[in-house]
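Undergrad: Take this structure first; my questions come after.
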Amino acid sequence: MSEFETRAIHVSQDPDANNGAVIPPIYMSSTHKQDGVGGLRDGFEYNRAANPTRTALQEALANLEGGKFGLSFSSGLAGEDAVVRATCAPGDHVILGSDLYGGTFRLLNRIHRAAGIDSEVVDLSNDEALRAAIKPGKTKLIWVETPSNPMLAIFDIAHISKIAKEHGVLTVVDNTFATPYLQRPLEFGADIVTHSTTKFLGGHSDILGGAVVVNDPELHEKIRFIQFAAGAVSSPFDCWLTHRSIKTLAVRMDKHCSNAQQVAEFLDAQASVEQVYYPGLPSHPGHELAKKQMSGFGGIVSLRFATEKAAKNFCSKTKLFTLAESLGGVESLINHPAEMTHASAAGSPIEVGGEIVRLSVGIENPNDLLADLAQALG
Ligand SMILES: *Cc1c(COP(=O)(O)O)cnc(C)c1O
């Protein structure tokens, strides 16, 4: 099996060996019978350690990212937390990209800082700033989100990974916005890929989940140990739903991309919109880089109004775009980051202005989406 769409449908989805069910069953069992003490069947003992439905999903996630090992968690943040715990000790230091999901900043700034792990926000597009921020022996991770949430900044994964490697630092890429269909960070030299599978991988706004994919067996073992010993695993049902959703990832992403492109171009032509942030617009500063490291520009479009009042007014007027946190589902959503998804970043270096609105462009008919945005702009 070579092509992405084919692997998304078939990896670890063989028909059931006993009865031929084309869709493998959900293994809703918390424990497995042992054939004598220590006589494990297929390595399974207890659900927190491993569950067949989770194993299948983890294999699919690793395969699609072009990695060796996948791990599934109960949320995107649970996966991120496991990465930090597995790689950092008190006294260590983490570099965070200058635009990223507010919850990632909060995790490092509130939880891990209290445990003695220092973190700082650095402009990853500035080589000098990045090199200067690396503390020899202390810096363990450079955390990159590209495209970033919510400003859609594009960072050069290959370049950052190269600098990180020179200093013995691991590069983490949060690939939630792009998904492995559009971007595979491990191929550009990243060490760790994280996902909120709640978003495009889940794709239907009905699952909370996270994933981590790596190539290095030692790193995998460290993160797997946290997954097992701290226990933030995803349930068999959530794993099954996520795996089912992944089968349509390619067609969904194609439609998200083409709809988002139309939305971005439409908004870009509106006098009442100050600026549109979408890497698919040739005017976007990351457009050329995005073309190099992605095979499409994704389904998220952000925009800036002249005032916070105008931004909130727009959020209150859309009908098809539902005002809600989250993104990546088949239905279109609208979000005011400053007071919703990124409220925890207020007063921090990654604070998002109140004039910014983020759209998660769904896969509805684009004419209906454009009509809704037009009426909301009045
Ligand atoms: C939502 C999100 C997360 C956090 O994932 P949860 O599943 O909500 O824990 C992390 N990174 C990005 C880019 C996100 O959008």
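Chain lettering (A, B, ...) mirrors the order of the structure tokens, residue numbering begins at 1 for each chain separately, and ligand numbering begins at 1 in order of display.
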How close does each residue of region 215-292 of chain A get to region 124-146 of chain A, giving the shortest atom pair and distance in Å to one decimal for every residue with an atom at most 12 Å away, counting only C-alpha atoms, sorted by chain and residue number, as a Markdown table?

TA:
```
| residue | atom | partner | partner_atom | distance |
| --- | --- | --- | --- | --- |
| A:Pro279 | CA | A:Thr146 | CA | 10.4 |
| A:Pro285 | CA | A:Ser125 | CA | 11.3 |
| A:Gly286 | CA | A:Thr146 | CA | 10.1 |
| A:Leu289 | CA | A:Thr146 | CA | 10.7 |
| A:Ala290 | CA | A:Thr146 | CA | 9.1 |
```

Undergrad: Could you list, as a VMD selection string, all the residues within 10 Å of ligand 1, counting only C-alpha atoms and all ligand atoms?

TA: chain A and resid 73 to 81 99 to 105 144 to 150 173 to 178 194 to 200 202 207 to 211 325 to 328 341

Undergrad: From the set A:Ser295, A:Ser98, A:Thr31, A:Thr53, which residue has the shortest atom-to-atom contact distance to Arg244 (chain A), counting only C-alpha atoms?

TA: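 Using only C-alpha atoms, Arg244 (chain A) sits closest to A:Thr53.
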
Undergrad: Could you pull the residues within 9 Å of Lys312 (chain A), counting only C-alpha atoms, minus those fewer than 3 positions along the same chain, as a PDB file with N, CA, C and O atoms, in the first residue's frame?

TA:
```pdb
ATOM      1  N   THR A 307     -11.580  47.271  14.724  1.00  0.00           N
ATOM      2  CA  THR A 307     -11.833  47.378  16.163  1.00  0.00           C
ATOM      3  C   THR A 307     -12.323  46.041  16.717  1.00  0.00           C
ATOM      4  O   THR A 307     -12.839  45.189  15.982  1.00  0.00           O
ATOM      5  N   GLU A 308     -12.189  45.900  18.024  1.00  0.00           N
ATOM      6  CA  GLU A 308     -12.693  44.719  18.714  1.00  0.00           C
ATOM      7  C   GLU A 308     -14.217  44.638  18.575  1.00  0.00           C
ATOM      8  O   GLU A 308     -14.784  43.560  18.430  1.00  0.00           O
ATOM      9  N   LYS A 309     -14.853  45.816  18.608  1.00  0.00           N
ATOM     10  CA  LYS A 309     -16.304  45.876  18.492  1.00  0.00           C
ATOM     11  C   LYS A 309     -16.758  45.284  17.150  1.00  0.00           C
ATOM     12  O   LYS A 309     -17.709  44.490  17.101  1.00  0.00           O
ATOM     13  N   CYS A 315     -18.844  38.192  14.782  1.00  0.00           N
ATOM     14  CA  CYS A 315     -19.041  36.877  15.436  1.00  0.00           C
ATOM     15  C   CYS A 315     -20.511  36.654  15.810  1.00  0.00           C
ATOM     16  O   CYS A 315     -20.970  35.525  15.865  1.00  0.00           O
ATOM     17  N   SER A 316     -21.210  37.759  16.103  1.00  0.00           N
ATOM     18  CA  SER A 316     -22.599  37.598  16.551  1.00  0.00           C
ATOM     19  C   SER A 316     -23.567  37.499  15.388  1.00  0.00           C
ATOM     20  O   SER A 316     -24.747  37.206  15.574  1.00  0.00           O
ATOM     21  N   LYS A 317     -23.080  37.765  14.177  1.00  0.00           N
ATOM     22  CA  LYS A 317     -24.010  37.847  13.046  1.00  0.00           C
ATOM     23  C   LYS A 317     -24.014  36.650  12.106  1.00  0.00           C
ATOM     24  O   LYS A 317     -24.954  36.490  11.324  1.00  0.00           O
ATOM     25  N   HIS A 336     -13.723  33.872  18.575  1.00  0.00           N
ATOM     26  CA  HIS A 336     -13.056  35.119  18.946  1.00  0.00           C
ATOM     27  C   HIS A 336     -11.924  34.726  19.903  1.00  0.00           C
ATOM     28  O   HIS A 336     -12.143  34.587  21.108  1.00  0.00           O
ATOM     29  N   GLY A 354      -8.008  41.620  20.292  1.00  0.00           N
ATOM     30  CA  GLY A 354      -9.462  41.486  20.265  1.00  0.00           C
ATOM     31  C   GLY A 354     -10.071  41.749  18.902  1.00  0.00           C
ATOM     32  O   GLY A 354     -11.253  41.494  18.675  1.00  0.00           O
ATOM     33  N   GLU A 355      -9.247  42.250  17.961  1.00  0.00           N
ATOM     34  CA  GLU A 355      -9.764  42.542  16.614  1.00  0.00           C
ATOM     35  C   GLU A 355      -9.717  41.299  15.725  1.00  0.00           C
ATOM     36  O   GLU A 355     -10.176  41.326  14.580  1.00  0.00           O
ATOM     37  N   VAL A 357     -10.509  37.501  14.436  1.00  0.00           N
ATOM     38  CA  VAL A 357     -11.553  36.460  14.391  1.00  0.00           C
ATOM     39  C   VAL A 357     -10.958  35.269  13.651  1.00  0.00           C
ATOM     40  O   VAL A 357     -10.239  35.436  12.661  1.00  0.00           O
TER      41      VAL A 357
END
```

Undergrad: Distance table requested - region 158-262 of chain A against region 63-67 of chain A, cut-off 12 Å, only C-alpha atoms: one row per qualifying residue with the closest atom pair and its distance in Å to one decimal, ordered by chain and rising residue number, as a tab-separated table.

TA:
```
residue	atom	partner	partner_atom	distance
A:Val173	CA	A:Glu65	CA	11.6
A:Asn175	CA	A:Glu65	CA	9.6
A:Thr176	CA	A:Glu65	CA	11.8
A:Ala178	CA	A:Glu65	CA	11.3
A:Thr179	CA	A:Glu65	CA	8.5
A:Pro180	CA	A:Glu65	CA	5.3
A:Tyr181	CA	A:Leu64	CA	7.6
A:Leu182	CA	A:Glu65	CA	10.1
A:Gln183	CA	A:Glu65	CA	8.3
A:Arg184	CA	A:Glu65	CA	5.5
A:Pro185	CA	A:Glu65	CA	7.7
A:Leu186	CA	A:Gly67	CA	6.9
A:Glu187	CA	A:Gly66	CA	7.3
A:Phe188	CA	A:Gly66	CA	10.9
A:Gly189	CA	A:Gly67	CA	11.3
A:Ala190	CA	A:Gly67	CA	10.6
A:Asp191	CA	A:Gly67	CA	9.6
A:Ile192	CA	A:Gly67	CA	9.3
A:Val193	CA	A:Glu65	CA	8.2
A:Thr194	CA	A:Glu65	CA	10.3
A:His195	CA	A:Glu65	CA	10.7
A:Leu201	CA	A:Leu64	CA	11.1
A:Ala211	CA	A:Glu65	CA	10.8
A:Val212	CA	A:Glu65	CA	9.9
A:Val213	CA	A:Gly67	CA	6.3
A:Val214	CA	A:Gly67	CA	5.7
A:Asn215	CA	A:Gly67	CA	5.2
A:Asp216	CA	A:Gly67	CA	9.0
A:Pro217	CA	A:Gly67	CA	10.7
A:His220	CA	A:Gly67	CA	10.8
A:His243	CA	A:Leu64	CA	11.6
A:Ile246	CA	A:Leu64	CA	9.6
A:Lys247	CA	A:Leu64	CA	10.9
A:Leu249	CA	A:Leu64	CA	10.7
A:Ala250	CA	A:Leu64	CA	11.0
```

Undergrad: As a compact mmCIF listing (two decimals) with N, CA and C atoms, in the first residue's frame, please: all residues of region 151-317 of chain A that backbone DSSP puts in alpha helix (DSSP H).

TA:
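The new file selection_27.txt reads:
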```txt
# COMPACT_ATOMS: atom_id res chain seq x y z
N ILE A 157 10.19 24.13 9.10
CA ILE A 157 10.46 22.96 9.94
C ILE A 157 11.87 22.43 9.71
N ALA A 158 12.29 22.32 8.44
CA ALA A 158 13.61 21.77 8.14
C ALA A 158 14.71 22.64 8.74
N HIS A 159 14.55 23.95 8.61
CA HIS A 159 15.57 24.89 9.08
C HIS A 159 15.65 24.88 10.62
N ILE A 160 14.51 24.94 11.26
CA ILE A 160 14.49 24.95 12.74
C ILE A 160 15.03 23.62 13.28
N SER A 161 14.64 22.51 12.64
CA SER A 161 15.11 21.19 13.10
C SER A 161 16.63 21.09 12.96
N LYS A 162 17.17 21.70 11.92
CA LYS A 162 18.62 21.65 11.70
C LYS A 162 19.35 22.41 12.82
N ILE A 163 18.86 23.59 13.13
CA ILE A 163 19.47 24.38 14.22
C ILE A 163 19.33 23.61 15.54
N ALA A 164 18.16 23.03 15.76
CA ALA A 164 17.93 22.28 17.00
C ALA A 164 18.93 21.12 17.12
N LYS A 165 19.11 20.39 16.02
CA LYS A 165 20.01 19.23 16.03
C LYS A 165 21.44 19.64 16.35
N GLU A 166 21.86 20.77 15.79
CA GLU A 166 23.22 21.28 16.07
C GLU A 166 23.45 21.46 17.57
N THR A 179 -2.51 18.51 9.40
CA THR A 179 -2.75 17.06 9.35
C THR A 179 -1.67 16.39 8.48
N PRO A 180 -1.45 15.09 8.67
CA PRO A 180 -0.42 14.43 7.85
C PRO A 180 -0.75 14.39 6.36
N TYR A 181 -1.99 14.68 6.01
CA TYR A 181 -2.33 14.70 4.58
C TYR A 181 -1.64 15.88 3.89
N LEU A 182 -1.50 17.00 4.61
CA LEU A 182 -0.90 18.20 3.99
C LEU A 182 0.56 18.41 4.37
N PRO A 217 13.13 4.85 18.79
CA PRO A 217 12.57 3.87 19.72
C PRO A 217 12.72 4.27 21.20
N GLU A 218 13.85 4.91 21.53
CA GLU A 218 14.06 5.30 22.94
C GLU A 218 13.08 6.39 23.36
N LEU A 219 12.90 7.35 22.46
CA LEU A 219 11.96 8.44 22.72
C LEU A 219 10.55 7.88 22.83
N HIS A 220 10.23 6.96 21.93
CA HIS A 220 8.92 6.32 21.97
C HIS A 220 8.70 5.64 23.31
N GLU A 221 9.71 4.92 23.78
CA GLU A 221 9.57 4.18 25.02
C GLU A 221 9.34 5.13 26.20
N LYS A 222 10.03 6.26 26.20
CA LYS A 222 9.86 7.25 27.29
C LYS A 222 8.44 7.82 27.30
N ILE A 223 7.94 8.17 26.11
CA ILE A 223 6.59 8.77 26.05
C ILE A 223 5.53 7.70 26.31
N ARG A 224 5.77 6.50 25.79
CA ARG A 224 4.83 5.40 26.04
C ARG A 224 4.74 5.10 27.53
N PHE A 225 5.87 5.21 28.22
CA PHE A 225 5.85 4.95 29.65
C PHE A 225 4.95 5.96 30.39
N ILE A 226 5.04 7.24 29.99
CA ILE A 226 4.17 8.25 30.61
C ILE A 226 2.70 7.94 30.27
N GLN A 227 2.45 7.58 29.01
CA GLN A 227 1.08 7.24 28.60
C GLN A 227 0.53 6.14 29.50
N PHE A 228 1.35 5.13 29.75
CA PHE A 228 0.94 3.98 30.56
C PHE A 228 0.88 4.33 32.05
N ALA A 229 1.93 4.99 32.54
CA ALA A 229 2.05 5.19 34.00
C ALA A 229 1.21 6.36 34.50
N ALA A 230 0.99 7.38 33.66
CA ALA A 230 0.14 8.49 34.08
C ALA A 230 -1.30 8.25 33.61
N PRO A 236 -11.43 3.10 24.02
CA PRO A 236 -11.57 2.30 22.79
C PRO A 236 -12.58 2.92 21.81
N PHE A 237 -13.67 3.45 22.34
CA PHE A 237 -14.69 4.02 21.45
C PHE A 237 -14.16 5.26 20.72
N ASP A 238 -13.46 6.13 21.47
CA ASP A 238 -12.88 7.32 20.83
C ASP A 238 -11.82 6.91 19.79
N CYS A 239 -11.05 5.87 20.11
CA CYS A 239 -10.04 5.39 19.15
C CYS A 239 -10.72 4.89 17.88
N TRP A 240 -11.78 4.16 18.06
CA TRP A 240 -12.50 3.59 16.91
C TRP A 240 -13.09 4.70 16.05
N LEU A 241 -13.71 5.71 16.70
CA LEU A 241 -14.28 6.84 15.94
C LEU A 241 -13.20 7.61 15.20
N THR A 242 -12.07 7.81 15.87
CA THR A 242 -10.98 8.56 15.24
C THR A 242 -10.44 7.80 14.03
N HIS A 243 -10.28 6.49 14.21
CA HIS A 243 -9.77 5.67 13.10
C HIS A 243 -10.76 5.71 11.93
N ARG A 244 -12.05 5.63 12.23
CA ARG A 244 -13.05 5.72 11.17
C ARG A 244 -12.95 7.06 10.44
N SER A 245 -12.77 8.13 11.23
CA SER A 245 -12.72 9.48 10.64
C SER A 245 -11.52 9.65 9.72
N ILE A 246 -10.40 9.03 10.10
CA ILE A 246 -9.17 9.17 9.32
C ILE A 246 -9.36 8.66 7.88
N LEU A 249 -10.11 11.48 5.73
CA LEU A 249 -9.31 12.69 5.93
C LEU A 249 -8.94 13.37 4.61
N ALA A 250 -8.51 12.58 3.64
CA ALA A 250 -8.03 13.18 2.38
C ALA A 250 -9.14 13.95 1.66
N VAL A 251 -10.31 13.34 1.53
CA VAL A 251 -11.38 14.06 0.81
C VAL A 251 -11.87 15.26 1.62
N ARG A 252 -11.91 15.09 2.94
CA ARG A 252 -12.33 16.24 3.76
C ARG A 252 -11.33 17.39 3.63
N MET A 253 -10.03 17.07 3.73
CA MET A 253 -9.03 18.14 3.67
C MET A 253 -9.03 18.85 2.31
N ASP A 254 -9.20 18.09 1.23
CA ASP A 254 -9.28 18.73 -0.08
C ASP A 254 -10.40 19.78 -0.10
N LYS A 255 -11.54 19.40 0.45
CA LYS A 255 -12.69 20.31 0.45
C LYS A 255 -12.48 21.48 1.43
N HIS A 256 -11.90 21.18 2.63
CA HIS A 256 -11.59 22.27 3.57
C HIS A 256 -10.68 23.29 2.88
N CYS A 257 -9.67 22.78 2.18
CA CYS A 257 -8.70 23.68 1.53
C CYS A 257 -9.36 24.53 0.46
N SER A 258 -10.17 23.93 -0.41
CA SER A 258 -10.74 24.71 -1.50
C SER A 258 -11.78 25.70 -0.96
N ASN A 259 -12.56 25.29 0.05
CA ASN A 259 -13.52 26.23 0.64
C ASN A 259 -12.80 27.38 1.35
N ALA A 260 -11.74 27.05 2.09
CA ALA A 260 -11.01 28.10 2.83
C ALA A 260 -10.35 29.08 1.88
N GLN A 261 -9.86 28.58 0.76
CA GLN A 261 -9.24 29.47 -0.23
C GLN A 261 -10.28 30.48 -0.74
N GLN A 262 -11.48 29.97 -1.03
CA GLN A 262 -12.53 30.87 -1.53
C GLN A 262 -12.94 31.88 -0.47
N VAL A 263 -13.04 31.41 0.78
CA VAL A 263 -13.40 32.31 1.89
C VAL A 263 -12.33 33.38 2.06
N ALA A 264 -11.06 32.97 2.02
CA ALA A 264 -9.96 33.92 2.22
C ALA A 264 -9.96 34.98 1.10
N GLU A 265 -10.15 34.53 -0.13
CA GLU A 265 -10.14 35.48 -1.25
C GLU A 265 -11.32 36.44 -1.17
N PHE A 266 -12.47 35.91 -0.76
CA PHE A 266 -13.66 36.75 -0.61
C PHE A 266 -13.42 37.83 0.45
N LEU A 267 -12.92 37.39 1.62
CA LEU A 267 -12.71 38.33 2.73
C LEU A 267 -11.64 39.37 2.38
N ASP A 268 -10.65 38.92 1.64
CA ASP A 268 -9.54 39.79 1.26
C ASP A 268 -10.04 40.96 0.40
N HIS A 287 3.60 32.27 2.33
CA HIS A 287 3.01 31.55 1.19
C HIS A 287 4.02 30.63 0.48
N GLU A 288 5.20 31.14 0.17
CA GLU A 288 6.18 30.34 -0.57
C GLU A 288 6.66 29.16 0.28
N LEU A 289 6.93 29.41 1.56
CA LEU A 289 7.37 28.36 2.46
C LEU A 289 6.28 27.30 2.62
N ALA A 290 5.04 27.75 2.73
CA ALA A 290 3.92 26.81 2.85
C ALA A 290 3.84 25.91 1.62
N LYS A 291 4.08 26.49 0.46
CA LYS A 291 4.04 25.69 -0.78
C LYS A 291 5.13 24.61 -0.76
N LYS A 292 6.24 24.94 -0.10
CA LYS A 292 7.38 24.03 -0.03
C LYS A 292 7.14 22.87 0.94
N GLN A 293 6.58 23.17 2.11
CA GLN A 293 6.48 22.11 3.12
C GLN A 293 5.07 21.55 3.31
N GLU A 308 -12.19 45.90 18.02
CA GLU A 308 -12.69 44.72 18.71
C GLU A 308 -14.22 44.64 18.57
N LYS A 309 -14.85 45.82 18.61
CA LYS A 309 -16.30 45.88 18.49
C LYS A 309 -16.76 45.28 17.15
N ALA A 310 -16.07 45.65 16.09
CA ALA A 310 -16.42 45.14 14.75
C ALA A 310 -16.21 43.62 14.68
N ALA A 311 -15.14 43.14 15.34
CA ALA A 311 -14.85 41.70 15.34
C ALA A 311 -15.96 40.93 16.06
N LYS A 312 -16.35 41.44 17.23
CA LYS A 312 -17.39 40.75 18.01
C LYS A 312 -18.75 40.83 17.33
N ASN A 313 -18.99 41.96 16.67
CA ASN A 313 -20.23 42.15 15.94
C ASN A 313 -20.35 41.10 14.83
N PHE A 314 -19.23 40.89 14.13
CA PHE A 314 -19.19 39.89 13.05
C PHE A 314 -19.47 38.50 13.63
N CYS A 315 -18.84 38.19 14.78
CA CYS A 315 -19.04 36.88 15.44
C CYS A 315 -20.51 36.65 15.81
N SER A 316 -21.21 37.76 16.10
CA SER A 316 -22.60 37.60 16.55
C SER A 316 -23.57 37.50 15.39
N LYS A 317 -23.08 37.77 14.18
CA LYS A 317 -24.01 37.85 13.05
C LYS A 317 -24.01 36.65 12.11
```

Undergrad: What parts of region 14-119 of chain A does DSSP call strand (DSSP E or B)? I'd like the answer as an MDAnalysis selection string.

TA: chainID A and resid 31 41 44 46 69:73 93:97 118:119

Undergrad: In terms of the shortest atom-to-atom distance over only C-alpha atoms, which of A:Ser272, A:Thr318, A:Ser348, A:Ser72 is closest to Val233 (chain A)?

TA: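 Nearest to Val233 (chain A): A:Ser72.
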